[in-house]
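One file, data.cif, carrying mmCIF, C-alpha atoms:
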```cif
data_model
loop_
_atom_site.label_atom_id
_atom_site.label_comp_id
_atom_site.auth_asym_id
_atom_site.auth_seq_id
_atom_site.Cartn_x
_atom_site.Cartn_y
_atom_site.Cartn_z
CA MET A 291 -162.17 -186.34 -162.39
CA ARG A 292 -158.88 -187.71 -161.14
CA ALA A 293 -157.03 -186.50 -164.21
CA PHE A 294 -158.65 -183.08 -163.91
CA LEU A 295 -157.64 -182.72 -160.27
CA ILE A 296 -154.07 -183.81 -161.06
CA LEU A 297 -153.88 -181.06 -163.69
CA MET A 298 -155.25 -178.45 -161.32
CA PHE A 299 -152.92 -179.38 -158.48
CA GLY A 300 -150.02 -179.23 -160.94
CA ILE A 301 -150.97 -175.66 -161.80
CA PHE A 302 -151.38 -174.79 -158.14
CA GLY A 303 -147.99 -176.29 -157.37
CA LEU A 304 -146.36 -173.94 -159.87
CA ALA A 305 -148.20 -170.99 -158.38
CA SER A 306 -147.21 -171.79 -154.82
CA CYS A 307 -143.49 -172.04 -155.62
CA SER A 308 -143.14 -168.27 -155.63
CA MET A 309 -145.26 -167.31 -152.64
CA PRO A 310 -147.96 -168.70 -150.32
CA PRO A 311 -151.62 -168.54 -151.38
CA ILE A 312 -152.99 -165.02 -151.47
CA THR A 313 -155.26 -163.98 -148.61
CA VAL A 314 -157.17 -160.74 -148.28
CA ALA A 315 -157.08 -159.13 -144.84
CA THR A 316 -160.21 -157.41 -143.63
CA VAL A 317 -159.03 -156.24 -140.22
CA ALA A 318 -156.57 -153.42 -139.86
CA PRO A 319 -153.29 -154.26 -138.10
CA LYS A 320 -153.07 -153.00 -134.55
CA ALA A 321 -151.20 -149.77 -133.92
CA VAL A 322 -147.54 -149.94 -133.07
CA THR A 323 -146.64 -150.91 -129.52
CA VAL A 324 -142.94 -151.57 -130.15
CA THR A 325 -141.29 -148.29 -131.04
CA PRO A 326 -138.60 -148.23 -133.76
CA ASP A 327 -135.43 -146.22 -133.14
CA ARG A 328 -135.84 -142.45 -132.98
CA GLN A 329 -134.31 -141.73 -136.38
CA THR A 330 -136.60 -144.24 -138.10
CA ALA A 331 -139.62 -142.99 -136.18
CA ASN A 332 -138.88 -139.40 -137.21
CA MET A 333 -138.51 -140.49 -140.83
CA PHE A 334 -141.82 -142.36 -140.65
CA VAL A 335 -143.67 -139.32 -139.33
CA ALA A 336 -142.03 -136.85 -141.73
CA VAL A 337 -142.61 -138.92 -144.87
CA VAL A 338 -146.21 -139.72 -143.95
CA GLN A 339 -146.91 -136.02 -143.39
CA ASP A 340 -145.37 -135.16 -146.77
CA VAL A 341 -146.83 -137.94 -148.92
CA GLU A 342 -150.25 -138.63 -147.43
CA PRO A 343 -151.85 -135.35 -148.65
CA PHE A 344 -150.78 -136.08 -152.24
CA VAL A 345 -152.01 -139.67 -151.97
CA GLU A 346 -155.42 -138.62 -150.68
CA GLU A 347 -155.79 -135.82 -153.22
CA ILE A 348 -155.02 -138.15 -156.13
CA CYS A 349 -157.33 -140.78 -154.66
CA VAL A 350 -160.25 -138.34 -154.53
CA ARG A 351 -159.53 -137.06 -158.04
CA THR A 352 -159.42 -140.62 -159.37
CA ASP A 353 -162.70 -141.72 -157.79
CA ALA A 354 -164.57 -139.38 -155.45
CA ARG A 355 -166.75 -142.29 -154.29
CA ARG A 356 -163.77 -144.20 -152.93
CA ASN A 357 -162.79 -143.94 -149.25
CA CYS A 358 -159.56 -141.94 -149.40
CA ASP A 359 -159.00 -141.45 -145.67
CA PHE A 360 -155.83 -143.51 -145.39
CA ARG A 361 -154.71 -144.98 -142.08
CA ILE A 362 -150.96 -145.61 -142.05
CA VAL A 363 -149.69 -147.91 -139.30
CA ILE A 364 -146.80 -150.08 -138.20
CA ASP A 365 -147.51 -153.80 -137.91
CA ASP A 366 -145.63 -154.95 -134.82
CA THR A 367 -146.39 -158.66 -135.20
CA PRO A 368 -143.45 -160.50 -133.58
CA GLY A 369 -141.16 -162.09 -136.14
CA ALA A 370 -142.94 -160.56 -139.14
CA GLN A 371 -140.72 -160.40 -142.21
CA ALA A 372 -139.92 -157.16 -144.02
CA ASN A 373 -143.16 -156.29 -145.78
CA ALA A 374 -145.65 -153.54 -146.56
CA PHE A 375 -149.22 -154.15 -147.61
CA GLN A 376 -152.49 -152.39 -148.34
CA THR A 377 -155.82 -153.57 -147.04
CA VAL A 378 -159.10 -152.14 -145.75
CA ASP A 379 -160.67 -152.28 -142.32
CA ARG A 380 -164.24 -153.38 -141.59
CA SER A 381 -165.57 -149.91 -142.38
CA GLY A 382 -163.84 -149.85 -145.78
CA ARG A 383 -161.15 -147.41 -144.70
CA PRO A 384 -157.84 -148.03 -146.55
CA VAL A 385 -154.97 -149.16 -144.37
CA ILE A 386 -151.28 -149.24 -145.25
CA ALA A 387 -149.09 -151.24 -142.90
CA PHE A 388 -145.31 -151.50 -142.57
CA THR A 389 -143.61 -154.19 -140.55
CA LEU A 390 -140.83 -153.17 -138.21
CA ALA A 391 -138.41 -155.32 -140.21
CA LEU A 392 -139.16 -153.33 -143.35
CA LEU A 393 -138.65 -150.00 -141.60
CA ASP A 394 -135.31 -151.27 -140.39
CA ASP A 395 -134.37 -152.27 -143.95
CA ILE A 396 -135.35 -149.00 -145.65
CA GLN A 397 -132.30 -146.78 -146.03
CA ASN A 398 -133.66 -143.31 -146.72
CA GLU A 399 -136.76 -141.11 -147.01
CA ASP A 400 -137.04 -141.61 -150.78
CA GLU A 401 -137.36 -145.38 -150.39
CA PHE A 402 -139.95 -145.05 -147.67
CA ALA A 403 -141.92 -142.48 -149.68
CA PHE A 404 -141.88 -144.77 -152.71
CA VAL A 405 -143.08 -147.84 -150.79
CA LEU A 406 -145.81 -145.79 -149.12
CA ALA A 407 -146.98 -144.37 -152.45
CA HIS A 408 -146.82 -147.81 -154.06
CA GLU A 409 -149.13 -149.35 -151.47
CA ALA A 410 -151.49 -146.38 -151.65
CA SER A 411 -151.59 -146.76 -155.43
CA HIS A 412 -153.00 -150.26 -155.05
CA HIS A 413 -156.01 -148.74 -153.29
CA ILE A 414 -156.35 -145.80 -155.67
CA ALA A 415 -156.32 -148.15 -158.67
CA GLY A 416 -158.78 -150.57 -157.05
CA HIS A 417 -156.41 -153.53 -157.22
CA LEU A 418 -157.79 -155.21 -154.10
CA GLU A 419 -161.33 -155.23 -155.46
CA ARG A 420 -160.17 -156.37 -158.89
CA THR A 421 -158.17 -159.22 -157.33
CA GLN A 422 -161.20 -160.29 -155.32
CA ARG A 423 -163.38 -160.28 -158.44
CA ASN A 424 -160.80 -162.28 -160.37
CA ALA A 425 -160.62 -164.82 -157.54
CA ALA A 426 -164.40 -165.16 -157.42
CA VAL A 427 -164.60 -165.77 -161.18
CA GLY A 428 -161.75 -168.29 -161.04
CA ALA A 429 -163.40 -170.14 -158.19
CA MET A 430 -166.68 -170.35 -160.07
CA ILE A 431 -165.10 -171.58 -163.31
CA PHE A 432 -162.89 -174.21 -161.68
CA GLY A 433 -165.77 -175.38 -159.50
CA GLU A 434 -168.04 -175.83 -162.50
CA LEU A 435 -165.33 -177.64 -164.45
CA ALA A 436 -164.76 -179.99 -161.52
CA GLY A 437 -168.46 -180.80 -161.44
CA VAL A 438 -168.58 -181.47 -165.16
CA ALA A 439 -165.36 -183.50 -165.29
CA GLY A 440 -166.16 -186.04 -162.58
CA THR A 441 -168.27 -187.04 -159.64
CA GLY A 442 -168.76 -183.52 -158.39
CA LEU A 443 -168.20 -184.49 -154.78
CA PRO A 444 -168.43 -181.41 -152.52
CA SER A 445 -164.83 -181.87 -151.34
CA ASN A 446 -163.54 -182.05 -154.91
CA VAL A 447 -165.56 -179.04 -156.02
CA GLN A 448 -164.41 -177.03 -153.01
CA ALA A 449 -160.77 -177.91 -153.71
CA ALA A 450 -161.23 -176.87 -157.32
CA ARG A 451 -162.78 -173.57 -156.28
CA GLU A 452 -159.89 -172.78 -153.94
CA ILE A 453 -157.35 -173.57 -156.65
CA GLY A 454 -159.27 -171.48 -159.19
CA ALA A 455 -159.39 -168.54 -156.81
CA ALA A 456 -155.63 -168.74 -156.13
CA VAL A 457 -154.70 -169.00 -159.81
CA ALA A 458 -157.10 -166.27 -160.99
CA SER A 459 -156.06 -163.86 -158.24
CA ARG A 460 -152.53 -163.91 -159.64
CA ALA A 461 -153.53 -163.56 -163.29
CA TYR A 462 -152.97 -159.80 -163.36
CA SER A 463 -150.89 -159.32 -160.22
CA LYS A 464 -147.71 -158.42 -162.13
CA ASP A 465 -149.61 -155.80 -164.14
CA TYR A 466 -151.03 -154.38 -160.90
CA GLU A 467 -147.56 -154.12 -159.38
CA LEU A 468 -146.16 -152.27 -162.39
CA GLU A 469 -149.18 -149.96 -162.47
CA ALA A 470 -148.68 -149.19 -158.77
CA ASP A 471 -144.95 -148.57 -159.35
CA MET A 472 -145.65 -146.04 -162.09
CA MET A 473 -148.33 -144.26 -160.08
CA ALA A 474 -146.03 -144.21 -157.04
CA ALA A 475 -143.26 -142.61 -159.12
CA ARG A 476 -145.59 -139.75 -160.05
CA ILE A 477 -146.86 -139.33 -156.48
CA VAL A 478 -143.44 -139.15 -154.82
CA THR A 479 -142.14 -136.79 -157.49
CA ALA A 480 -145.08 -134.47 -156.84
CA ALA A 481 -144.33 -134.69 -153.12
CA GLY A 482 -140.72 -133.63 -153.67
CA TYR A 483 -139.00 -137.00 -153.39
CA ASP A 484 -136.68 -138.82 -155.80
CA ALA A 485 -138.59 -141.73 -157.36
CA LEU A 486 -135.49 -143.35 -158.89
CA ARG A 487 -133.62 -143.20 -155.61
CA GLY A 488 -136.68 -144.66 -153.94
CA ALA A 489 -136.88 -147.49 -156.48
CA ALA A 490 -133.30 -148.44 -155.62
CA PHE A 491 -134.99 -150.44 -152.87
CA PHE A 492 -135.61 -153.14 -155.51
CA ALA A 493 -131.87 -153.76 -155.79
CA ARG A 494 -131.80 -155.14 -152.22
CA ILE A 495 -134.77 -157.50 -152.35
CA PRO A 496 -134.87 -160.99 -153.90
CA ASP A 497 -135.61 -160.86 -157.62
CA PRO A 498 -138.70 -162.95 -158.45
CA GLY A 499 -137.62 -163.09 -162.09
CA ASP A 500 -140.43 -163.93 -164.48
CA GLN A 501 -142.03 -166.92 -162.79
CA PHE A 502 -145.19 -168.43 -164.21
CA LEU A 503 -148.13 -167.18 -162.13
CA GLY A 504 -145.73 -165.27 -159.91
CA SER A 505 -147.17 -162.37 -157.96
CA HIS A 506 -144.46 -159.79 -158.72
CA PRO A 507 -142.59 -158.83 -161.89
CA ALA A 508 -138.81 -158.93 -162.20
CA ASN A 509 -137.05 -156.13 -160.33
CA ALA A 510 -135.50 -154.83 -163.57
CA ASP A 511 -138.98 -154.47 -165.08
CA ARG A 512 -140.12 -152.50 -162.03
CA VAL A 513 -137.19 -150.09 -162.20
CA ALA A 514 -137.82 -149.65 -165.93
CA ALA A 515 -141.46 -148.82 -165.22
CA VAL A 516 -140.40 -146.16 -162.71
CA ARG A 517 -137.96 -144.68 -165.24
CA ARG A 518 -140.75 -144.48 -167.84
CA ALA A 519 -143.06 -142.81 -165.37
CA VAL A 520 -140.46 -140.25 -164.29
CA GLY A 521 -139.57 -139.54 -167.91
CA ALA A 522 -143.22 -138.83 -168.72
CA ILE A 523 -143.59 -136.23 -165.95
#
```
The structure in this file should be written as structure tokens.
Amino acid sequence: MRAFLILMFGIFGLASCSMPPITVATVAPKAVTVTPDRQTANMFVAVVQDVEPFVEEICVRTDARRNCDFRIVIDDTPGAQANAFQTVDRSGRPVIAFTLALLDDIQNEDEFAFVLAHEASHHIAGHLERTQRNAAVGAMIFGELAGVAGTGLPSNVQAAREIGAAVASRAYSKDYELEADMMAARIVTAAGYDALRGAAFFARIPDPGDQFLGSHPANADRVAAVRRAVGAI
């Protein structure tokens, strides 16, 4: 059992070098209470009004059973780093949140439209549900292996399940990101924005490279995916 746990914690250590363990939010971020500058606020409203109808139309066409009534908000958590994420609220309504730091970092409407469409694409493609299923399977497998390999103490099995969930949830995360990038390129193009100009955002963020069990692909791979998508339109 000891050798098995050492192996698993070694794997988990590699996974956690690139980002903290993945968590799935179930509560929508609160609405903005700290207002960004007027120019940024106007851009936020204009881009949402332009892109949201295309996002919801594509969502319905992809799966009419899916909740496609997007709620787009600003996460005003103090000190939050530049980030955007997609989640669902307790009723299953899709939520896309942007931190104030990200809005401050975005340089133009094309970049904002691309990030918005990218996060919406995660919902349209069902990435959240697929990640949850992968995590559940990984937890089950690692838990069973821990029980077979040693004493099967509840604490050991629980640790194994948590590691399995973290590893399995990242198994396809790079593929999901590239899929969302390509779908976003098509959405923003349909909405009248420049997908390649929007993808220039990648040039200003840290490049994750090609890390083992990393959550995001290399920035160059993401730009290449957008170019392929635009070329296919």
Quote the spacing between atom CA of A:Val516 and atom CA of A:Glu399 in Å to one decimal place.
->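 Going from atom CA of A:Val516 over to atom CA of A:Glu399, I get 16.9 Å.
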Quick one, how far is atom CA of A:Thr389 from atom CA of A:Asp353?
-> 28.6 Å
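Near A:Val345, within 7 Å and counting only C-alpha atoms, sit Val341, Glu342, Pro343, Glu347, Ile348, Cys349, Ala407, Ala410 and Ile477 of chain A, not including residues fewer than 2 positions from it in the same chain.
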Given all atoms listed in the file as the counted atoms, nearest of A:Ala331, A:Leu486, A:Ala354, A:Ala508 to A:Glu467 | A:Ala508
Atom CA of A:Val478 to atom CA of A:Ala387, straight-line distance in Å |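 Taking atom CA of A:Ala387 and atom CA of A:Val478, their separation equals 17.9 Å.
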Pick from A:Phe388, A:Asn398, A:Gly382, A:Gln376: nearest to A:His412, with all atoms listed in the file counted?
->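 Counting all atoms listed in the file, the residue closest to A:His412 is A:Gln376.
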Where does the PyMOL selection byres ((chain A and resi 386) around 8) land in this file, that is, which residues does it pick, as a CSV table (one decimal) with C-alpha atoms, in the coordinates of the input?
```csv
chain,number,residue,atom,x,y,z
A,360,PHE,CA,-155.8,-143.5,-145.4
A,361,ARG,CA,-154.7,-145.0,-142.1
A,362,ILE,CA,-151.0,-145.6,-142.0
A,363,VAL,CA,-149.7,-147.9,-139.3
A,374,ALA,CA,-145.6,-153.5,-146.6
A,375,PHE,CA,-149.2,-154.2,-147.6
A,376,GLN,CA,-152.5,-152.4,-148.3
A,377,THR,CA,-155.8,-153.6,-147.0
A,384,PRO,CA,-157.8,-148.0,-146.6
A,385,VAL,CA,-155.0,-149.2,-144.4
A,387,ALA,CA,-149.1,-151.2,-142.9
A,388,PHE,CA,-145.3,-151.5,-142.6
A,406,LEU,CA,-145.8,-145.8,-149.1
A,409,GLU,CA,-149.1,-149.4,-151.5
A,410,ALA,CA,-151.5,-146.4,-151.6
```
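Minimum atom-to-atom distance to A:Leu390, evaluated using all atoms listed in the file, belongs to A:Asp327 out of A:Ala514, A:Ala336, A:Asp327, A:Val378.
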In terms of the shortest atom-to-atom distance over all atoms listed in the file, which of A:Phe491, A:Phe344, A:Phe334, A:Tyr466 is closest to A:Ala415?
->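 When distances to A:Ala415 are compared using all atoms listed in the file, the smallest one comes from A:Tyr466.
Nearest residue to A:Asp394 among A:Cys358, A:Ala475, A:Ala489, A:Met333 is A:Met333, counting all atoms listed in the file.
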